[in-house]
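Peer 1: So I've got this file, structure_5.cif, and it contains mmCIF, C-alpha atoms:
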```cif
data_upload
loop_
_atom_site.label_atom_id
_atom_site.label_comp_id
_atom_site.auth_asym_id
_atom_site.auth_seq_id
_atom_site.Cartn_x
_atom_site.Cartn_y
_atom_site.Cartn_z
CA MET Y 1 0.00 0.00 0.00
CA ALA Y 2 1.23 3.46 -0.83
CA ASP Y 3 0.59 4.54 2.72
CA ALA Y 4 3.74 2.74 3.65
CA THR Y 5 5.64 5.75 2.32
CA MET Y 6 3.82 8.10 4.62
CA SER Y 7 4.47 6.05 7.70
CA ASN Y 8 8.07 5.51 6.58
CA VAL Y 9 8.59 9.21 6.19
CA LEU Y 10 7.01 9.80 9.57
CA LYS Y 11 9.19 7.18 11.18
CA LYS Y 12 12.36 8.32 9.46
CA SER Y 13 12.04 12.06 9.78
CA GLY Y 14 9.39 12.35 12.48
CA LYS Y 15 11.83 14.17 14.77
CA GLU Y 16 12.70 16.67 12.10
CA ILE Y 17 9.09 17.28 11.09
CA GLN Y 18 8.16 17.78 14.70
CA ALA Y 19 11.00 20.21 15.30
CA ASN Y 20 9.99 22.30 12.27
CA TRP Y 21 6.34 22.11 13.19
CA ALA Y 22 6.96 23.14 16.78
CA ARG Y 23 8.93 26.13 15.54
CA ASP Y 24 6.11 27.15 13.18
CA LEU Y 25 3.57 26.69 15.93
CA ALA Y 26 5.59 28.78 18.34
CA ALA Y 27 5.79 31.49 15.68
CA THR Y 28 2.12 31.47 14.65
CA GLN Y 29 0.63 31.01 18.07
CA ALA Y 30 3.00 33.50 19.69
CA GLY Y 31 0.20 36.00 19.33
CA SER Y 32 -1.81 33.96 21.79
CA LYS Y 33 -0.48 36.18 24.59
CA GLY Y 34 0.78 33.54 26.91
CA ARG Y 35 -2.40 31.47 26.89
CA ILE Y 36 -0.30 28.44 26.09
CA SER Y 37 3.39 27.87 26.87
CA ALA Y 38 6.02 26.84 24.31
CA ALA Y 39 6.73 23.74 26.35
CA GLU Y 40 3.09 22.69 26.20
CA LEU Y 41 2.97 23.22 22.43
CA GLU Y 42 6.17 21.23 22.07
CA GLN Y 43 4.77 18.41 24.16
CA GLN Y 44 1.46 18.38 22.25
CA SER Y 45 3.15 18.34 18.85
CA ALA Y 46 5.48 15.51 19.92
CA GLU Y 47 2.54 13.49 21.21
CA PHE Y 48 0.60 14.12 17.99
CA ILE Y 49 3.48 12.99 15.75
CA LYS Y 50 3.93 9.89 17.88
CA LEU Y 51 0.25 8.96 17.61
CA LEU Y 52 0.10 9.82 13.91
CA THR Y 53 3.09 7.61 13.21
CA ALA Y 54 1.54 4.75 15.12
CA ALA Y 55 -1.83 5.19 13.42
CA SER Y 56 -0.54 5.54 9.85
CA GLU Y 57 1.39 2.29 10.21
CA HIS Y 58 -1.80 0.27 10.38
CA ALA Y 59 -4.63 2.23 8.97
CA ARG Y 60 -5.91 3.32 5.60
CA ALA Y 61 -4.72 6.86 5.62
CA SER Y 62 -7.79 8.98 5.10
CA ASP Y 63 -10.40 7.17 7.16
CA ILE Y 64 -9.99 8.65 10.60
CA SER Y 65 -13.06 6.91 12.00
CA ALA Y 66 -11.13 3.62 11.86
CA PRO Y 67 -10.28 2.06 15.22
CA GLU Y 68 -6.55 2.59 14.57
CA PHE Y 69 -7.15 6.31 14.88
CA LYS Y 70 -8.93 6.06 18.22
CA HIS Y 71 -6.01 7.33 20.31
CA LEU Y 72 -5.30 10.10 17.86
CA ARG Y 73 -8.94 11.20 17.87
CA GLU Y 74 -9.06 11.18 21.64
CA PHE Y 75 -5.86 13.16 21.84
CA LEU Y 76 -7.21 15.80 19.43
CA GLU Y 77 -10.47 16.00 21.38
CA GLY Y 78 -8.45 16.63 24.52
CA VAL Y 79 -6.39 19.34 22.79
CA SER Y 80 -9.52 20.92 21.36
CA ARG Y 81 -11.25 21.04 24.73
CA SER Y 82 -8.23 22.57 26.42
CA ARG Y 83 -8.08 25.18 23.63
CA VAL Y 84 -11.70 26.10 24.39
CA ALA Y 85 -10.87 26.44 28.08
CA GLN Y 86 -7.85 28.60 27.23
CA GLY Y 87 -10.01 30.89 25.13
CA PHE Y 88 -8.59 30.16 21.68
CA SER Y 89 -10.68 30.97 18.64
CA SER Y 90 -11.73 28.23 16.22
CA ASP Y 91 -9.22 29.20 13.52
CA GLU Y 92 -6.38 29.25 16.02
CA THR Y 93 -7.41 25.78 17.16
CA ALA Y 94 -7.61 24.45 13.61
CA SER Y 95 -4.28 25.91 12.60
CA PHE Y 96 -2.65 23.63 15.15
CA ILE Y 97 -3.24 20.74 12.74
CA PHE Y 98 -3.08 22.62 9.47
CA SER Y 99 0.31 24.11 10.23
CA LEU Y 100 1.73 20.59 10.20
CA LYS Y 101 1.27 20.50 6.42
CA LYS Y 102 4.29 22.62 5.57
CA PRO Y 103 6.98 20.61 7.41
CA PHE Y 104 5.25 17.33 6.56
CA PHE Y 105 5.10 18.08 2.84
CA ALA Y 106 8.72 19.20 2.93
CA ALA Y 107 9.73 15.84 4.39
CA LEU Y 108 7.64 14.03 1.76
CA ARG Y 109 9.40 15.99 -0.96
CA VAL Y 110 12.81 15.01 0.34
CA ASP Y 111 11.69 11.41 0.42
CA ALA Y 112 10.20 11.38 -3.09
CA GLY Y 113 13.27 12.95 -4.65
CA LYS Y 114 12.66 13.62 -8.34
CA ASP Y 115 9.57 11.42 -8.68
CA ALA Y 116 6.90 14.10 -9.16
CA ASP Y 117 4.02 11.63 -9.57
CA ALA Y 118 4.77 9.88 -6.33
CA LEU Y 119 5.16 13.21 -4.55
CA ALA Y 120 1.81 14.50 -5.79
CA ASP Y 121 0.21 11.27 -4.73
CA GLN Y 122 1.74 11.40 -1.27
CA VAL Y 123 0.89 15.05 -0.77
CA TRP Y 124 -2.69 14.37 -1.70
CA ARG Y 125 -2.94 11.52 0.78
CA ALA Y 126 -1.34 13.55 3.53
CA THR Y 127 -3.66 16.48 2.82
CA GLU Y 128 -6.68 14.27 2.99
CA LEU Y 129 -5.62 12.87 6.33
CA LEU Y 130 -4.64 16.17 7.91
CA ASP Y 131 -7.83 17.84 6.68
CA ALA Y 132 -9.92 15.11 8.23
CA LEU Y 133 -8.05 15.46 11.50
CA GLY Y 134 -8.37 19.23 11.39
CA LEU Y 135 -12.10 19.04 10.80
CA HIS Y 136 -12.44 16.61 13.65
CA THR Y 137 -10.67 19.10 15.89
CA ILE Y 138 -13.04 21.88 14.83
CA LYS Y 139 -16.05 19.64 15.39
CA THR Y 140 -14.94 18.92 18.93
CA TYR Y 141 -14.13 22.58 19.49
CA GLN Y 142 -17.62 23.58 18.44
CA LYS Y 143 -19.25 20.86 20.48
CA SER Y 144 -17.37 21.97 23.59
CA ARG Y 145 -18.54 25.53 23.00
CA GLU Y 146 -22.12 24.40 22.53
CA ASP Y 147 -21.95 22.40 25.74
CA VAL Y 148 -20.91 25.53 27.58
CA ILE Y 149 -23.81 27.49 26.08
CA ASN Y 150 -26.31 24.76 26.88
CA ARG Y 151 -25.12 24.56 30.45
CA GLN Y 152 -25.42 28.30 30.86
CA GLN Y 153 -28.92 28.25 29.41
CA ARG Y 154 -29.97 25.55 31.85
CA GLU Y 155 -28.51 27.48 34.74
CA MET Y 156 -30.29 30.64 33.67
CA LEU Y 157 -33.54 28.75 33.46
CA GLU Y 158 -33.13 27.46 36.99
CA LEU Y 159 -32.20 30.70 38.67
CA SER Y 160 -34.83 32.89 37.14
CA THR Y 161 -38.19 31.36 38.00
CA PRO Y 162 -38.92 31.59 41.71
CA VAL Y 163 -42.57 31.56 42.74
CA VAL Y 164 -43.03 33.40 46.02
CA LYS Y 165 -45.98 33.42 48.35
CA LEU Y 166 -46.88 36.99 49.21
CA TRP Y 167 -49.94 36.41 51.34
CA GLU Y 168 -52.40 33.70 52.13
CA GLY Y 169 -53.78 32.72 48.73
CA ILE Y 170 -51.60 35.16 46.80
CA LEU Y 171 -48.57 34.08 44.78
CA ALA Y 172 -46.12 36.32 42.96
CA LEU Y 173 -43.77 35.49 40.12
CA PRO Y 174 -41.11 38.12 39.51
CA MET Y 175 -39.91 37.54 35.95
CA ILE Y 176 -36.39 38.63 35.02
CA GLY Y 177 -34.88 38.71 31.55
CA THR Y 178 -36.20 38.09 28.10
CA LEU Y 179 -39.06 35.64 27.80
CA ASP Y 180 -38.76 33.00 25.12
CA SER Y 181 -40.93 29.96 24.50
CA ALA Y 182 -38.80 27.53 26.51
CA ARG Y 183 -38.59 29.84 29.52
CA THR Y 184 -42.26 30.70 29.46
CA GLN Y 185 -43.09 27.02 29.39
CA VAL Y 186 -40.99 26.38 32.51
CA VAL Y 187 -42.34 29.47 34.23
CA MET Y 188 -45.92 28.52 33.42
CA GLU Y 189 -45.52 24.95 34.63
CA ASN Y 190 -43.85 26.08 37.86
CA LEU Y 191 -46.52 28.63 38.56
CA LEU Y 192 -49.46 26.34 37.82
CA GLN Y 193 -47.95 23.60 39.97
CA LYS Y 194 -47.49 26.04 42.85
CA VAL Y 195 -51.09 27.20 42.46
CA VAL Y 196 -52.27 23.61 42.86
CA GLU Y 197 -49.99 23.02 45.85
CA THR Y 198 -50.87 26.17 47.75
CA GLY Y 199 -54.45 26.55 46.59
CA ALA Y 200 -53.77 30.19 45.76
CA GLN Y 201 -56.59 32.26 44.30
CA ILE Y 202 -54.51 35.01 42.76
CA ALA Y 203 -51.16 34.99 41.02
CA ILE Y 204 -49.27 38.18 40.29
CA LEU Y 205 -46.95 38.13 37.28
CA ASP Y 206 -44.42 40.87 37.79
CA ILE Y 207 -42.71 41.89 34.54
CA THR Y 208 -40.60 44.73 35.96
CA GLY Y 209 -37.47 42.76 35.03
CA VAL Y 210 -38.56 41.99 31.48
CA PRO Y 211 -36.66 44.39 29.22
CA THR Y 212 -38.90 44.29 26.16
CA VAL Y 213 -42.34 43.02 25.34
CA ASP Y 214 -43.02 42.09 21.74
CA THR Y 215 -46.00 40.24 20.31
CA LEU Y 216 -44.46 36.88 21.12
CA VAL Y 217 -43.81 37.74 24.75
CA ALA Y 218 -47.29 39.22 25.05
CA GLN Y 219 -48.71 36.02 23.62
CA HIS Y 220 -46.74 33.98 26.16
CA LEU Y 221 -48.10 36.16 28.96
CA LEU Y 222 -51.65 35.77 27.68
CA LYS Y 223 -51.23 31.99 27.54
CA THR Y 224 -50.13 31.93 31.16
CA VAL Y 225 -53.06 34.11 32.17
CA THR Y 226 -55.51 31.88 30.30
CA ALA Y 227 -54.09 28.69 31.78
CA LEU Y 228 -54.39 30.18 35.26
CA ARG Y 229 -57.97 31.16 34.62
CA LEU Y 230 -58.79 27.65 33.39
CA MET Y 231 -57.48 26.29 36.66
CA GLY Y 232 -59.68 28.66 38.59
CA ALA Y 233 -57.13 31.23 39.70
CA GLU Y 234 -56.96 34.89 38.83
CA CYS Y 235 -53.98 36.61 37.37
CA ILE Y 236 -52.72 40.15 37.68
CA ILE Y 237 -49.84 41.45 35.57
CA SER Y 238 -47.79 44.08 37.36
CA GLY Y 239 -44.69 46.11 36.70
CA VAL Y 240 -45.76 47.39 33.28
CA ARG Y 241 -43.36 50.20 32.47
CA PRO Y 242 -44.51 53.19 30.40
CA GLN Y 243 -42.51 52.13 27.33
CA ILE Y 244 -43.94 48.65 27.54
CA ALA Y 245 -47.48 49.98 27.85
CA GLN Y 246 -46.85 52.06 24.71
CA THR Y 247 -45.38 49.10 22.85
CA ILE Y 248 -48.31 46.87 23.76
CA VAL Y 249 -50.82 49.43 22.52
CA HIS Y 250 -48.85 50.13 19.33
CA LEU Y 251 -48.54 46.43 18.59
CA GLY Y 252 -52.28 46.12 18.94
CA VAL Y 253 -52.00 43.31 21.49
CA ASP Y 254 -55.36 42.74 23.10
CA LEU Y 255 -54.95 42.63 26.86
CA GLN Y 256 -58.67 42.97 27.48
CA GLY Y 257 -59.78 40.82 30.33
CA VAL Y 258 -56.35 40.87 31.92
CA THR Y 259 -55.87 43.02 34.97
CA THR Y 260 -52.67 45.04 34.75
CA LYS Y 261 -51.06 47.32 37.30
CA ALA Y 262 -48.08 49.63 37.16
CA ASN Y 263 -46.33 48.16 40.17
CA LEU Y 264 -46.32 45.19 42.48
CA ALA Y 265 -47.67 47.17 45.45
CA ASP Y 266 -50.84 48.14 43.58
CA ALA Y 267 -51.26 44.57 42.40
CA LEU Y 268 -50.91 43.25 45.95
CA ALA Y 269 -53.42 45.79 47.25
CA LEU Y 270 -55.91 44.71 44.60
CA ALA Y 271 -55.25 41.03 45.29
CA LEU Y 272 -55.83 41.54 49.01
CA LYS Y 273 -59.08 43.31 48.27
CA ARG Y 274 -60.24 40.51 46.00
CA THR Y 275 -59.37 37.71 48.41
CA GLY Y 276 -61.08 39.62 51.19
CA SER Y 277 -57.98 39.79 53.33
CA THR Y 278 -57.26 42.99 55.17
CA SER Y 279 -53.79 44.41 55.02
CA LEU Y 280 -52.21 45.67 58.23
CA LYS Y 281 -52.45 49.28 57.09
CA ALA Y 282 -56.16 49.06 56.47
CA MET H 1 -71.41 0.63 29.11
CA GLU H 2 -69.47 2.94 31.43
CA LYS H 3 -71.17 6.04 32.60
CA ILE H 4 -70.18 9.19 34.41
CA PRO H 5 -72.29 9.55 37.58
CA ILE H 6 -74.25 12.74 38.13
CA LEU H 7 -74.79 13.34 41.84
CA ARG H 8 -77.58 15.51 43.15
CA MET H 9 -76.83 17.72 46.14
CA GLY H 10 -79.94 19.76 46.89
CA GLU H 11 -80.27 22.29 44.14
CA PHE H 12 -76.84 21.52 42.77
CA LEU H 13 -75.54 18.75 40.56
CA LEU H 14 -72.04 17.38 41.01
CA VAL H 15 -70.34 15.65 38.11
CA THR H 16 -66.97 14.07 38.85
CA ILE H 17 -65.04 12.83 35.86
CA GLN H 18 -62.81 10.12 37.27
CA ILE H 19 -61.73 8.40 34.09
CA ASP H 20 -60.13 9.55 30.90
CA MET H 21 -63.00 10.59 28.70
CA HIS H 22 -63.43 9.26 25.23
CA ASP H 23 -65.63 10.91 22.67
CA GLN H 24 -68.67 8.65 23.09
CA LEU H 25 -68.59 9.09 26.86
CA ALA H 26 -68.44 12.87 26.51
CA LEU H 27 -71.46 12.90 24.21
CA LYS H 28 -73.39 10.70 26.63
CA LEU H 29 -72.49 12.95 29.54
CA GLN H 30 -73.75 15.95 27.60
CA ASP H 31 -77.05 14.16 27.08
CA ASP H 32 -77.41 12.87 30.63
CA LEU H 33 -76.47 16.16 32.21
CA SER H 34 -78.87 18.29 30.20
CA ASN H 35 -81.69 15.89 31.06
CA ALA H 36 -80.73 15.89 34.73
CA ILE H 37 -80.64 19.70 34.88
CA GLN H 38 -84.08 19.84 33.36
CA LYS H 39 -85.52 17.14 35.62
CA ASN H 40 -84.15 18.41 38.94
CA ALA H 41 -84.70 22.13 38.38
CA THR H 42 -81.02 22.59 39.07
CA LYS H 43 -79.56 25.98 39.89
CA GLY H 44 -75.93 25.10 39.76
CA VAL H 45 -73.67 22.48 38.22
CA LEU H 46 -70.18 21.66 39.41
CA ILE H 47 -67.97 19.68 37.02
CA ASP H 48 -64.90 18.30 38.75
CA ILE H 49 -62.15 17.34 36.31
CA SER H 50 -59.34 16.97 38.83
CA SER H 51 -58.75 13.36 37.78
CA LEU H 52 -58.78 14.16 34.09
CA GLU H 53 -55.20 13.97 32.94
CA MET H 54 -55.52 13.90 29.18
CA VAL H 55 -57.55 16.09 26.89
CA ASP H 56 -57.72 16.56 23.18
CA SER H 57 -59.41 19.33 21.26
CA PHE H 58 -62.69 17.39 21.10
CA ILE H 59 -62.92 16.80 24.84
CA GLY H 60 -61.85 20.40 25.43
CA ARG H 61 -64.68 21.65 23.27
CA MET H 62 -67.08 19.20 24.88
CA VAL H 63 -66.30 20.56 28.33
CA ALA H 64 -66.91 24.08 27.06
CA ASP H 65 -70.15 23.00 25.38
CA ILE H 66 -71.45 21.28 28.50
CA SER H 67 -70.94 24.36 30.62
CA GLY H 68 -72.50 26.56 27.94
CA MET H 69 -75.48 24.21 27.81
CA GLY H 70 -75.90 24.36 31.57
CA LYS H 71 -76.04 28.12 31.39
CA ILE H 72 -78.77 28.05 28.73
CA LEU H 73 -80.82 25.73 30.90
CA GLY H 74 -80.57 28.27 33.70
CA ALA H 75 -77.94 26.61 35.82
CA GLU H 76 -74.66 28.25 36.74
CA THR H 77 -71.91 25.88 35.66
CA ILE H 78 -68.46 25.85 37.16
CA LEU H 79 -65.47 23.83 36.04
CA VAL H 80 -63.24 22.90 38.96
CA GLY H 81 -59.89 21.27 39.60
CA MET H 82 -58.27 21.47 36.19
CA GLN H 83 -54.73 20.05 36.29
CA PRO H 84 -51.84 22.29 35.18
CA ALA H 85 -50.94 19.96 32.33
CA VAL H 86 -54.53 20.00 31.07
CA ALA H 87 -54.69 23.79 31.32
CA ILE H 88 -51.47 24.16 29.34
CA THR H 89 -52.68 21.71 26.71
CA LEU H 90 -55.97 23.53 26.24
CA VAL H 91 -54.19 26.87 25.93
CA GLU H 92 -51.77 25.43 23.39
CA LEU H 93 -54.73 24.03 21.45
CA GLY H 94 -56.16 27.53 21.40
CA LEU H 95 -59.14 26.60 23.57
CA SER H 96 -59.28 29.32 26.20
CA LEU H 97 -62.90 28.40 27.07
CA PRO H 98 -64.19 31.96 27.24
CA GLY H 99 -67.24 32.38 29.38
CA VAL H 100 -66.65 29.24 31.37
CA ALA H 101 -66.43 29.87 35.12
CA THR H 102 -63.60 28.03 36.85
CA ALA H 103 -62.44 27.33 40.39
CA LEU H 104 -59.45 25.65 41.93
CA ASN H 105 -61.25 22.86 43.80
CA VAL H 106 -64.74 21.62 44.68
CA GLU H 107 -64.83 23.61 47.89
CA ARG H 108 -64.01 26.89 46.18
CA GLY H 109 -66.34 26.01 43.34
CA MET H 110 -69.21 25.40 45.72
CA ALA H 111 -68.57 28.74 47.47
CA LEU H 112 -68.49 30.53 44.11
CA LEU H 113 -71.69 28.80 43.03
CA ARG H 114 -73.48 29.90 46.19
CA ARG H 115 -72.25 33.45 45.77
CA LYS H 116 -73.47 33.58 42.17
CA ILE H 117 -76.87 32.13 42.99
CA ASP H 118 -77.28 34.40 46.00
CA ALA H 119 -76.48 37.37 43.80
CA ASP H 120 -79.12 36.26 41.25
CA GLY H 121 -81.66 35.72 44.02
CA ALA H 122 -80.95 39.17 45.45
CA ASP H 123 -81.63 40.65 42.03
CA VAL H 124 -85.09 39.12 42.02
CA VAL H 125 -85.91 40.54 45.45
CA THR H 126 -84.73 44.04 44.68
CA HIS H 127 -86.42 44.33 41.32
#
```
Please re-express this file's structure in structure tokens.

Peer 2:
Amino acid sequence: MADATMSNVLKKSGKEIQANWARDLAATQAGSKGRISAAELEQQSAEFIKLLTAASEHARASDISAPEFKHLREFLEGVSRSRVAQGFSSDETASFIFSLKKPFFAALRVDAGKDADALADQVWRATELLDALGLHTIKTYQKSREDVINRQQREMLELSTPVVKLWEGILALPMIGTLDSARTQVVMENLLQKVVETGAQIAILDITGVPTVDTLVAQHLLKTVTALRLMGAECIISGVRPQIAQTIVHLGVDLQGVTTKANLADALALALKRTGSTSLKA
Amino acid sequence: MEKIPILRMGEFLLVTIQIDMHDQLALKLQDDLSNAIQKNATKGVLIDISSLEMVDSFIGRMVADISGMGKILGAETILVGMQPAVAITLVELGLSLPGVATALNVERGMALLRRKIDADGADVVTH
């Protein structure tokens, strides 16, 4: 198999390729402002060459999903994840692999001598392999980033939906941040569940912390109000800021049948009146 | 054939839906209930759906229809004990059941029913 040449070259001049590569890496990633040390780069490149040599001995060169490439894949995933943690951008991460091409091709050229056909063939194979490895690195990089985003989203969801009991039979839900479908769903479920548990008659949705209200948000609010009504509880929306009131009217959102108040205090006063409780002041 | 019991409590009727309704059952309930309201000169109907865990658009509409029917026959109808999941489903289906009175549980529903009927009675006296 022609791959023998590649693994031969790697075995023969692996040290030299690695030395050249490490120098290139140090030069190109010098702009990384001390996020990664030269020693670490050196160690990673040495490890990569070692694994690549081992893998190319056995495997068909371009198929990196083969079991022979398992260690190499795992190593790249590790590198990719650490790059994410160190705050590298995706192109900086990818160039770790792609910068190997230059020294590798140089070594292939030395090996092929004057045989241009063989050289072209080898370069093509090497390109295919390195591209596949590079893409794998990027894929892992992106996945790590997405994991971070997903985790943050989950955390945001958890910390932003407390249902508080204000008075006997009165619940309040202070909403903070932009309302999207997923959040509204969680908020609605939480609130309805609490209504069942506490037997509350009135729920106050406080939207003081909601920065903007568009038609979608208004629709989410209306859904919550309707669901509460179906369960036999009343709903008051409080904390409507002047801009939001204007937006709602301009958008033509119909809030008929929904009680709205400018602030939580007014809403609580109204709720107390409706439940027949007397506040301490009265 | 299974049947949803309609219990008479003085001038009120209490319907407790304990099983998941299918379409035929809902139609039969509609029939039975309208007859029972007529027969007993009922002033108020309480439909307890606290055990109902699944609804589709047909059952949702049926529930709305039944309470609308009660009203036409002169009986205040109140839907009590809807589960959160059911409420969310109905809202997502676009069935907001306008005009249907609701309460959190049977106790609250009964209190609301009495208040409504007392208010109606007071109207008659004052006019």

Peer 1: Let me know the residues the PyMOL selection byres ((chain Y and resi 10-21) around 10) catches in the file above, as number ranges by chain.

Peer 2: Y: 4-9, 22-27, 41-42, 45-50, 52-54, 56-57, 96-97, 99-108, 110-111

Peer 1: Compute the chain H side of the contact with chain Y at 12 Å, counting all atoms listed in the file, and hand it back as a PyMOL selection string.

Peer 2: chain H and resi 48-50+60+63-64+78-109+112

Peer 1: So what does the PyMOL selection byres ((chain Y and resi 263-268) around 8) actually pick up in this one, as a VMD selection string?

Peer 2: chain Y and resid 204 206 208 236 to 240 260 to 262 269 to 272

Peer 1: Nearest to Asp32 of chain H: which of H:Gly68, H:Gly44, H:Gly10, H:Pro5 is it, counting only C-alpha atoms?

Peer 2: H:Pro5

Peer 1: Would you compute the distance between atom CA of Arg154 of chain Y and atom CA of Ala203 of chain Y? Give it in Å to one decimal.

Peer 2: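 Atom CA of Ala203 of chain Y lies 24.9 Å from atom CA of Arg154 of chain Y.
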
Peer 1: So which residues get picked by the PyMOL selection byres ((chain H and resi 66) around 12) here, written as a ChimeraX atom specification?

Peer 2: /H:15,26-35,37,45-47,59-65,67-73,75-79,97,99-101

Peer 1: Generate a file of the selected residues that holds C-alpha atoms, formatted as an mmCIF file, in the frame of the given file.

Peer 2:
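Full text of again_5.cif as output:
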```cif
data_model
loop_
_atom_site.group_PDB
_atom_site.id
_atom_site.type_symbol
_atom_site.label_atom_id
_atom_site.label_comp_id
_atom_site.auth_asym_id
_atom_site.auth_seq_id
_atom_site.Cartn_x
_atom_site.Cartn_y
_atom_site.Cartn_z
ATOM 1 C CA VAL H 15 -70.340 15.650 38.110
ATOM 2 C CA ALA H 26 -68.440 12.870 26.510
ATOM 3 C CA LEU H 27 -71.460 12.900 24.210
ATOM 4 C CA LYS H 28 -73.390 10.700 26.630
ATOM 5 C CA LEU H 29 -72.490 12.950 29.540
ATOM 6 C CA GLN H 30 -73.750 15.950 27.600
ATOM 7 C CA ASP H 31 -77.050 14.160 27.080
ATOM 8 C CA ASP H 32 -77.410 12.870 30.630
ATOM 9 C CA LEU H 33 -76.470 16.160 32.210
ATOM 10 C CA SER H 34 -78.870 18.290 30.200
ATOM 11 C CA ASN H 35 -81.690 15.890 31.060
ATOM 12 C CA ILE H 37 -80.640 19.700 34.880
ATOM 13 C CA VAL H 45 -73.670 22.480 38.220
ATOM 14 C CA LEU H 46 -70.180 21.660 39.410
ATOM 15 C CA ILE H 47 -67.970 19.680 37.020
ATOM 16 C CA ILE H 59 -62.920 16.800 24.840
ATOM 17 C CA GLY H 60 -61.850 20.400 25.430
ATOM 18 C CA ARG H 61 -64.680 21.650 23.270
ATOM 19 C CA MET H 62 -67.080 19.200 24.880
ATOM 20 C CA VAL H 63 -66.300 20.560 28.330
ATOM 21 C CA ALA H 64 -66.910 24.080 27.060
ATOM 22 C CA ASP H 65 -70.150 23.000 25.380
ATOM 23 C CA SER H 67 -70.940 24.360 30.620
ATOM 24 C CA GLY H 68 -72.500 26.560 27.940
ATOM 25 C CA MET H 69 -75.480 24.210 27.810
ATOM 26 C CA GLY H 70 -75.900 24.360 31.570
ATOM 27 C CA LYS H 71 -76.040 28.120 31.390
ATOM 28 C CA ILE H 72 -78.770 28.050 28.730
ATOM 29 C CA LEU H 73 -80.820 25.730 30.900
ATOM 30 C CA ALA H 75 -77.940 26.610 35.820
ATOM 31 C CA GLU H 76 -74.660 28.250 36.740
ATOM 32 C CA THR H 77 -71.910 25.880 35.660
ATOM 33 C CA ILE H 78 -68.460 25.850 37.160
ATOM 34 C CA LEU H 79 -65.470 23.830 36.040
ATOM 35 C CA LEU H 97 -62.900 28.400 27.070
ATOM 36 C CA GLY H 99 -67.240 32.380 29.380
ATOM 37 C CA VAL H 100 -66.650 29.240 31.370
ATOM 38 C CA ALA H 101 -66.430 29.870 35.120
#
```

Peer 1: For Gln142 of chain Y, please output as a PDB file with C-alpha atoms, keeping the file's coordinate frame all residues within 10 Å (counting only C-alpha atoms; exclusion window: fewer than 6 positions along the same chain).

Peer 2:
```
ATOM      1  CA  SER Y  80      -9.520  20.920  21.360  1.00  0.00           C
ATOM      2  CA  ARG Y  81     -11.250  21.040  24.730  1.00  0.00           C
ATOM      3  CA  VAL Y  84     -11.700  26.100  24.390  1.00  0.00           C
ATOM      4  CA  SER Y  90     -11.730  28.230  16.220  1.00  0.00           C
ATOM      5  CA  HIS Y 136     -12.440  16.610  13.650  1.00  0.00           C
ATOM      6  CA  VAL Y 148     -20.910  25.530  27.580  1.00  0.00           C
TER       7      VAL Y 148
END
```

Peer 1: Rounded to one decimal in Å, what is the spacing between atom CA of Glu158 of chain Y and atom CA of Gly177 of chain Y?

Peer 2: 12.6 Å

Peer 1: Identify, on the basis of only C-alpha atoms, every residue whose closest approach to Arg35 of chain Y does not exceed 9 Å; exclude the query and any residue fewer than 6 positions from it along the same chain; express the result as a count of residues only.

Peer 2: 3

Peer 1: Here is a test: counting only C-alpha atoms, which residue of Y:Leu179, Y:Ile64, Y:Leu119, Y:Val163 is nearest to Asp131 of chain Y?

Peer 2: Y:Ile64

Peer 1: To one decimal place, how far is atom CA of Ile176 of chain Y from atom CA of Glu146 of chain Y in Å?

Peer 2: 23.7 Å

Peer 1: Quick one: of H:Ala119, H:Ala36, H:Leu7, H:Ile17, who's nearest to Glu53 of chain H, counting all atoms listed in the file?

Peer 2: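 Looking only at the distances to Glu53 of chain H, the closest residue turns out to be H:Ile17.
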
Peer 1: Please determine, counting only C-alpha atoms, which residue among H:Leu13, H:Leu52, H:Leu25, H:Ala41 has the shortest atom-to-atom distance to Leu113 of chain H.

Peer 2: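 Of the candidates, the smallest distance to Leu113 of chain H is held by H:Leu13.
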